[in-house]
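**Q** Pasting a structure below so you can have a look.
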Amino acid sequence: LLRRFSIGFISEPGLDAGGVAREWFSLVASELTRPGYGLLLPTPADQSRVELNASSHLANADDERYLRAAGRFLGKALLDGQTVPALRLAPHLYRHLLTHPCSLANVAGVDPALHASLASLLGMDDATLESLGLDFTVCEEVFGTVQSVELLPGGADVGLRACNVSSYVRLMVEHRLATRAARQLAALLAGFRETMPAAVLCALSPAELEEALCGREEVDVEDWARHTEYTGDFEAEGAAHLVVVWWWDMVRGMEHGERRRLLQFATGTPGVPAQGFAALRDSEGTVRRFTLHGSCGVAVFPRAHTCFNRVDVPLYESAEEMRRGVGMALELGGTGFDLQ
């Protein structure tokens with residue numbers, strides 16, 4: 001696992017100089033989030049993030065094996081400098097990967113309603129707490145069946161009072177962020193540790209770990225343009241070439257999701273490196289900047305060489321013709337490889 005992978009797709013004669021591996025990581029990340037596996041669920045706070053499914057064993061008898069593999073996959077992505085934005089985790093999971101403790105504030109990142117409820121309890125007096133009729137249990141719904149789970153032994157017989165409300169909040173935080181899916185979390189962490197020991201990560205913050213694994217969420221077009229090289233028919237004029245001007249005008253006019261699809265098409269991953277486009281690399285770890293190659297030999301659609309972060313662009317006769325050609329290329333799908 002510590003050695004760099006060389007990836008090949010069946011029936012696709014791709015040369016893995018980086019792009020094939022990037023697409024493999026991207027595809028596996030997307031596959032792990034499929035509902036059919038029952039491993040991960042979208043968080044209430046942000047549907048683009050996922051958290052562990054505490055009931056995964058009911059949907060997948062091999063859930064621990066899959067989650068251990070998912071942990072190895074995350075560690076391998078980090079080790080190889082790959083971004084996997086399709087597998088953007090709930091914020092508290094990055095804290096667990098780094099062995100950082102979780103607090104009430106971290107609940108807001110996954111369940112804002114629960115966070116607000118728990119925070120409000122801390123300011124209540126004894127009479128108000130007693131009137132709520134709460135005890136040290138929590139109700140969990142599993143496939144339509146509500147189950148009561150004790151936060152501590154005999155919790156159903158312990159009423160909530162001012163003297164124990166802080167303990168109640170602490171136990172609720174532990175339950176929501178760890179113990180409700182303790183078995184699943186242990187499997188994920190075990191796999192992650194196999195490829196990425198905790199000592200190696202001690203200098204990272206949770207936010208830095210997320211950025212290293214998922215890249216930047218926004219695609220900064222100006223940064224992209226600033227760190228682009230031009231070859232072929234674009235080499236002489238560079239960014240001043242009319243077709244290049246049309247290209248960047250088109251990208252600036254795209255919605256966020258479409259920009260990410262274009263980035264996937266061009267580089268094999270929709271994620272931007274944490275250090276920006278200046279840090280685009282190949283499979284050997286060498287910086288290989290994005291390149292626009294002007295080519296009169298390309299008829300209608302642009303052609304991507306993801307291993308080299310390069311797009312061959314036809315010499316379009318109008319900006320509208322370019323938008324149609326690029327749009328159709330993205331609709332047809334930005335995956336698959338051929339030899340250069």
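Order determines the names: the first chain of the structure tokens is A, the second B, and so forth; residues in each chain are numbered 1 upward, and ligands are numbered 1 upward as they are shown.
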Would you give me, as a CSV table (one decimal) with N, CA and C atoms, in the first residue's frame, the residues in segment 166-326 of chain A that DSSP reads as alpha helix (DSSP H)?

**A**
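Below is the file that was written, states_21.csv:
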chain,number,residue,atom,x,y,z
A,166,SER,N,-24.4,19.3,32.2
A,166,SER,CA,-23.2,19.3,31.4
A,166,SER,C,-22.7,17.9,31.0
A,167,SER,N,-23.0,16.9,32.0
A,167,SER,CA,-22.6,15.5,31.7
A,167,SER,C,-23.5,15.0,30.6
A,168,TYR,N,-24.8,15.4,30.6
A,168,TYR,CA,-25.8,15.0,29.6
A,168,TYR,C,-25.3,15.5,28.2
A,169,VAL,N,-25.0,16.7,28.1
A,169,VAL,CA,-24.6,17.3,26.9
A,169,VAL,C,-23.3,16.6,26.4
A,170,ARG,N,-22.3,16.4,27.3
A,170,ARG,CA,-21.1,15.7,26.9
A,170,ARG,C,-21.4,14.3,26.3
A,171,LEU,N,-22.3,13.6,27.0
A,171,LEU,CA,-22.6,12.2,26.5
A,171,LEU,C,-23.4,12.2,25.2
A,172,MET,N,-24.2,13.2,25.0
A,172,MET,CA,-25.0,13.4,23.8
A,172,MET,C,-24.0,13.7,22.6
A,173,VAL,N,-23.0,14.5,22.9
A,173,VAL,CA,-22.0,14.8,21.8
A,173,VAL,C,-21.2,13.6,21.5
A,174,GLU,N,-20.8,12.8,22.5
A,174,GLU,CA,-20.1,11.6,22.2
A,174,GLU,C,-20.9,10.6,21.4
A,175,HIS,N,-22.2,10.5,21.8
A,175,HIS,CA,-23.1,9.6,21.1
A,175,HIS,C,-23.3,10.0,19.7
A,176,ARG,N,-23.5,11.3,19.4
A,176,ARG,CA,-23.8,11.7,18.0
A,176,ARG,C,-22.6,11.7,17.2
A,177,LEU,N,-21.4,11.9,17.7
A,177,LEU,CA,-20.2,12.0,16.9
A,177,LEU,C,-19.3,10.8,16.9
A,182,ALA,N,-19.9,3.5,16.6
A,182,ALA,CA,-18.5,3.2,17.1
A,182,ALA,C,-17.9,2.1,16.3
A,183,ARG,N,-18.6,1.0,15.9
A,183,ARG,CA,-18.0,-0.1,15.2
A,183,ARG,C,-17.6,0.3,13.8
A,184,GLN,N,-18.4,1.1,13.2
A,184,GLN,CA,-18.1,1.6,11.8
A,184,GLN,C,-16.9,2.5,11.9
A,185,LEU,N,-16.9,3.4,12.9
A,185,LEU,CA,-15.8,4.4,13.0
A,185,LEU,C,-14.4,3.6,13.2
A,186,ALA,N,-14.5,2.6,14.1
A,186,ALA,CA,-13.3,1.8,14.4
A,186,ALA,C,-12.7,1.2,13.1
A,187,ALA,N,-13.6,0.7,12.3
A,187,ALA,CA,-13.2,0.0,11.0
A,187,ALA,C,-12.5,1.1,10.1
A,188,LEU,N,-13.2,2.2,9.9
A,188,LEU,CA,-12.6,3.3,9.1
A,188,LEU,C,-11.3,3.7,9.5
A,189,LEU,N,-11.1,4.0,10.9
A,189,LEU,CA,-9.9,4.4,11.4
A,189,LEU,C,-8.8,3.4,11.3
A,190,ALA,N,-9.1,2.1,11.5
A,190,ALA,CA,-8.1,1.0,11.4
A,190,ALA,C,-7.5,1.0,10.0
A,191,GLY,N,-8.4,1.1,9.0
A,191,GLY,CA,-7.9,1.1,7.6
A,191,GLY,C,-7.0,2.3,7.3
A,192,PHE,N,-7.5,3.5,7.8
A,192,PHE,CA,-6.7,4.7,7.6
A,192,PHE,C,-5.3,4.6,8.2
A,193,ARG,N,-5.2,4.1,9.4
A,193,ARG,CA,-3.9,3.9,10.1
A,193,ARG,C,-3.0,3.0,9.4
A,194,GLU,N,-3.5,2.1,8.6
A,194,GLU,CA,-2.6,1.1,7.9
A,194,GLU,C,-1.8,1.8,6.9
A,195,THR,N,-2.3,2.9,6.3
A,195,THR,CA,-1.5,3.6,5.3
A,195,THR,C,-1.0,5.0,5.8
A,206,PRO,N,-7.8,19.7,11.3
A,206,PRO,CA,-8.9,19.1,10.5
A,206,PRO,C,-9.2,19.8,9.2
A,207,ALA,N,-9.2,21.1,9.2
A,207,ALA,CA,-9.4,21.8,7.9
A,207,ALA,C,-8.4,21.6,6.9
A,208,GLU,N,-7.1,21.5,7.4
A,208,GLU,CA,-6.0,21.2,6.4
A,208,GLU,C,-6.1,19.8,5.9
A,209,LEU,N,-6.5,18.9,6.7
A,209,LEU,CA,-6.6,17.5,6.3
A,209,LEU,C,-7.7,17.4,5.2
A,210,GLU,N,-8.8,18.1,5.5
A,210,GLU,CA,-9.9,18.0,4.5
A,210,GLU,C,-9.5,18.7,3.2
A,211,GLU,N,-8.7,19.7,3.2
A,211,GLU,CA,-8.3,20.4,2.0
A,211,GLU,C,-7.3,19.5,1.2
A,212,ALA,N,-6.4,18.8,2.0
A,212,ALA,CA,-5.5,17.9,1.4
A,212,ALA,C,-6.2,16.7,0.7
A,213,LEU,N,-7.2,16.2,1.3
A,213,LEU,CA,-7.9,15.1,0.7
A,213,LEU,C,-8.9,15.5,-0.4
A,214,CYS,N,-9.6,16.6,-0.2
A,214,CYS,CA,-10.7,17.0,-1.1
A,214,CYS,C,-10.3,18.1,-2.0
A,221,VAL,N,-11.0,30.5,-11.3
A,221,VAL,CA,-10.7,30.6,-12.7
A,221,VAL,C,-9.4,31.4,-13.0
A,222,GLU,N,-9.3,32.5,-12.2
A,222,GLU,CA,-8.1,33.4,-12.4
A,222,GLU,C,-6.8,32.6,-12.1
A,223,ASP,N,-6.9,31.8,-11.0
A,223,ASP,CA,-5.7,31.1,-10.6
A,223,ASP,C,-5.4,30.0,-11.7
A,224,TRP,N,-6.5,29.4,-12.2
A,224,TRP,CA,-6.3,28.4,-13.2
A,224,TRP,C,-5.7,29.0,-14.5
A,225,ALA,N,-6.2,30.2,-14.9
A,225,ALA,CA,-5.6,30.8,-16.1
A,225,ALA,C,-4.2,31.3,-15.9
A,226,ARG,N,-3.9,31.7,-14.7
A,226,ARG,CA,-2.6,32.3,-14.4
A,226,ARG,C,-1.5,31.2,-14.4
A,242,LEU,N,-7.0,34.5,-29.8
A,242,LEU,CA,-8.5,34.7,-29.7
A,242,LEU,C,-9.2,33.5,-29.2
A,243,VAL,N,-8.8,32.3,-29.6
A,243,VAL,CA,-9.5,31.1,-29.1
A,243,VAL,C,-9.2,30.9,-27.6
A,244,VAL,N,-8.1,31.2,-27.2
A,244,VAL,CA,-7.8,31.2,-25.7
A,244,VAL,C,-8.6,32.2,-25.0
A,245,VAL,N,-8.8,33.4,-25.5
A,245,VAL,CA,-9.6,34.4,-24.9
A,245,VAL,C,-11.0,33.8,-24.8
A,246,TRP,N,-11.5,33.2,-25.8
A,246,TRP,CA,-12.9,32.6,-25.8
A,246,TRP,C,-13.0,31.5,-24.7
A,247,TRP,N,-11.9,30.7,-24.6
A,247,TRP,CA,-11.9,29.6,-23.7
A,247,TRP,C,-12.1,30.1,-22.3
A,248,TRP,N,-11.3,31.1,-21.8
A,248,TRP,CA,-11.4,31.6,-20.5
A,248,TRP,C,-12.7,32.4,-20.2
A,249,ASP,N,-13.2,33.1,-21.2
A,249,ASP,CA,-14.5,33.7,-21.1
A,249,ASP,C,-15.6,32.7,-20.9
A,250,MET,N,-15.5,31.6,-21.6
A,250,MET,CA,-16.4,30.5,-21.4
A,250,MET,C,-16.4,29.9,-20.0
A,251,VAL,N,-15.2,29.6,-19.5
A,251,VAL,CA,-15.0,29.1,-18.2
A,251,VAL,C,-15.5,30.0,-17.1
A,252,ARG,N,-15.2,31.3,-17.3
A,252,ARG,CA,-15.7,32.3,-16.3
A,252,ARG,C,-17.3,32.3,-16.2
A,256,HIS,N,-20.6,26.6,-11.1
A,256,HIS,CA,-19.6,25.9,-10.4
A,256,HIS,C,-19.5,24.4,-10.7
A,257,GLY,N,-20.7,23.8,-10.8
A,257,GLY,CA,-20.7,22.3,-11.2
A,257,GLY,C,-20.1,22.0,-12.5
A,258,GLU,N,-20.4,22.9,-13.5
A,258,GLU,CA,-19.9,22.7,-14.8
A,258,GLU,C,-18.4,22.9,-14.9
A,259,ARG,N,-17.9,23.9,-14.1
A,259,ARG,CA,-16.4,24.1,-14.0
A,259,ARG,C,-15.7,22.8,-13.5
A,260,ARG,N,-16.4,22.2,-12.5
A,260,ARG,CA,-15.8,21.0,-11.9
A,260,ARG,C,-15.8,19.8,-12.9
A,261,ARG,N,-16.9,19.8,-13.7
A,261,ARG,CA,-16.9,18.7,-14.8
A,261,ARG,C,-15.8,19.0,-15.8
A,262,LEU,N,-15.6,20.3,-16.2
A,262,LEU,CA,-14.5,20.6,-17.1
A,262,LEU,C,-13.1,20.2,-16.5
A,263,LEU,N,-13.0,20.5,-15.2
A,263,LEU,CA,-11.7,20.1,-14.6
A,263,LEU,C,-11.5,18.6,-14.5
A,264,GLN,N,-12.6,17.9,-14.3
A,264,GLN,CA,-12.5,16.4,-14.3
A,264,GLN,C,-12.1,15.9,-15.7
A,265,PHE,N,-12.8,16.5,-16.7
A,265,PHE,CA,-12.5,16.2,-18.1
A,265,PHE,C,-11.0,16.4,-18.5
A,266,ALA,N,-10.4,17.5,-17.9
A,266,ALA,CA,-9.1,18.0,-18.3
A,266,ALA,C,-8.0,17.3,-17.5
A,267,THR,N,-8.3,17.0,-16.2
A,267,THR,CA,-7.2,16.5,-15.4
A,267,THR,C,-7.5,15.1,-14.7
A,319,ALA,N,-16.9,31.9,-30.6
A,319,ALA,CA,-17.0,31.5,-29.2
A,319,ALA,C,-18.2,30.6,-29.0
A,320,GLU,N,-19.3,30.8,-29.8
A,320,GLU,CA,-20.5,29.9,-29.7
A,320,GLU,C,-20.2,28.5,-30.1
A,321,GLU,N,-19.4,28.4,-31.2
A,321,GLU,CA,-19.0,27.1,-31.7
A,321,GLU,C,-18.2,26.3,-30.6
A,322,MET,N,-17.3,27.1,-29.9
A,322,MET,CA,-16.5,26.5,-28.8
A,322,MET,C,-17.4,26.0,-27.7
A,323,ARG,N,-18.4,26.8,-27.3
A,323,ARG,CA,-19.3,26.5,-26.2
A,323,ARG,C,-20.0,25.2,-26.5
A,324,ARG,N,-20.5,25.1,-27.8
A,324,ARG,CA,-21.2,23.9,-28.2
A,324,ARG,C,-20.3,22.6,-28.2
A,325,GLY,N,-19.1,22.8,-28.7
A,325,GLY,CA,-18.2,21.7,-28.7
A,325,GLY,C,-17.8,21.2,-27.3
A,326,VAL,N,-17.4,22.1,-26.5
A,326,VAL,CA,-17.0,21.8,-25.1
A,326,VAL,C,-18.2,21.2,-24.3

**Q** I'd like the contact shell of Ala119 of chain A - 10 Å cut-off, only C-alpha atoms, skipping same-chain residues fewer than 5 positions apart - returned as a PDB file with N, CA, C and O atoms, in the first residue's frame.

**A**
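selection-v4.pdb written:
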ATOM      1  N   LEU A 104     -19.042  20.116  21.736  1.00  0.00           N
ATOM      2  CA  LEU A 104     -20.379  20.524  21.325  1.00  0.00           C
ATOM      3  C   LEU A 104     -20.338  21.343  20.048  1.00  0.00           C
ATOM      4  O   LEU A 104     -21.205  21.201  19.179  1.00  0.00           O
ATOM      5  N   ALA A 105     -19.340  22.210  19.903  1.00  0.00           N
ATOM      6  CA  ALA A 105     -19.244  23.060  18.712  1.00  0.00           C
ATOM      7  C   ALA A 105     -19.181  22.232  17.434  1.00  0.00           C
ATOM      8  O   ALA A 105     -19.688  22.645  16.387  1.00  0.00           O
ATOM      9  N   ALA A 113     -29.593  21.393  14.238  1.00  0.00           N
ATOM     10  CA  ALA A 113     -30.754  21.397  15.135  1.00  0.00           C
ATOM     11  C   ALA A 113     -30.395  20.802  16.486  1.00  0.00           C
ATOM     12  O   ALA A 113     -30.776  21.344  17.541  1.00  0.00           O
ATOM     13  N   LEU A 114     -29.664  19.690  16.484  1.00  0.00           N
ATOM     14  CA  LEU A 114     -29.244  19.077  17.742  1.00  0.00           C
ATOM     15  C   LEU A 114     -28.296  20.005  18.500  1.00  0.00           C
ATOM     16  O   LEU A 114     -28.391  20.139  19.726  1.00  0.00           O
ATOM     17  N   MET A 124     -30.377  26.636  31.061  1.00  0.00           N
ATOM     18  CA  MET A 124     -31.658  26.487  31.762  1.00  0.00           C
ATOM     19  C   MET A 124     -31.466  26.199  33.247  1.00  0.00           C
ATOM     20  O   MET A 124     -30.482  25.574  33.660  1.00  0.00           O
ATOM     21  N   SER A 166     -24.430  19.288  32.174  1.00  0.00           N
ATOM     22  CA  SER A 166     -23.178  19.315  31.400  1.00  0.00           C
ATOM     23  C   SER A 166     -22.736  17.899  31.036  1.00  0.00           C
ATOM     24  O   SER A 166     -22.212  17.650  29.946  1.00  0.00           O
ATOM     25  N   VAL A 169     -24.980  16.745  28.140  1.00  0.00           N
ATOM     26  CA  VAL A 169     -24.559  17.318  26.861  1.00  0.00           C
ATOM     27  C   VAL A 169     -23.301  16.624  26.358  1.00  0.00           C
ATOM     28  O   VAL A 169     -23.192  16.286  25.166  1.00  0.00           O
TER      29      VAL A 169
END

**Q** Measuring atom to atom with only C-alpha atoms, identify which of A:Gly154, A:Gly238, A:Gly81, A:Pro270 is nearest to Glu23 of chain A.

**A** A:Pro270

**Q** Would you write out, as a Markdown table, a table of all residues in segment 132-155 of chain A that have an atom no more than 12 Å from an atom of segment 41-65 of chain A, listing for each the closest atom pair and the distance in Å to one decimal, considering only C-alpha atoms and ordering rows by chain and rising residue number?

**A**
| residue | atom | partner | partner_atom | distance |
| --- | --- | --- | --- | --- |
| A:Glu140 | CA | A:Ala54 | CA | 9.9 |
| A:Glu141 | CA | A:Ser55 | CA | 9.7 |
| A:Val142 | CA | A:Ser55 | CA | 7.0 |
| A:Phe143 | CA | A:Ser55 | CA | 8.7 |
| A:Gly144 | CA | A:Ser55 | CA | 11.9 |
| A:Thr145 | CA | A:Ser55 | CA | 11.9 |
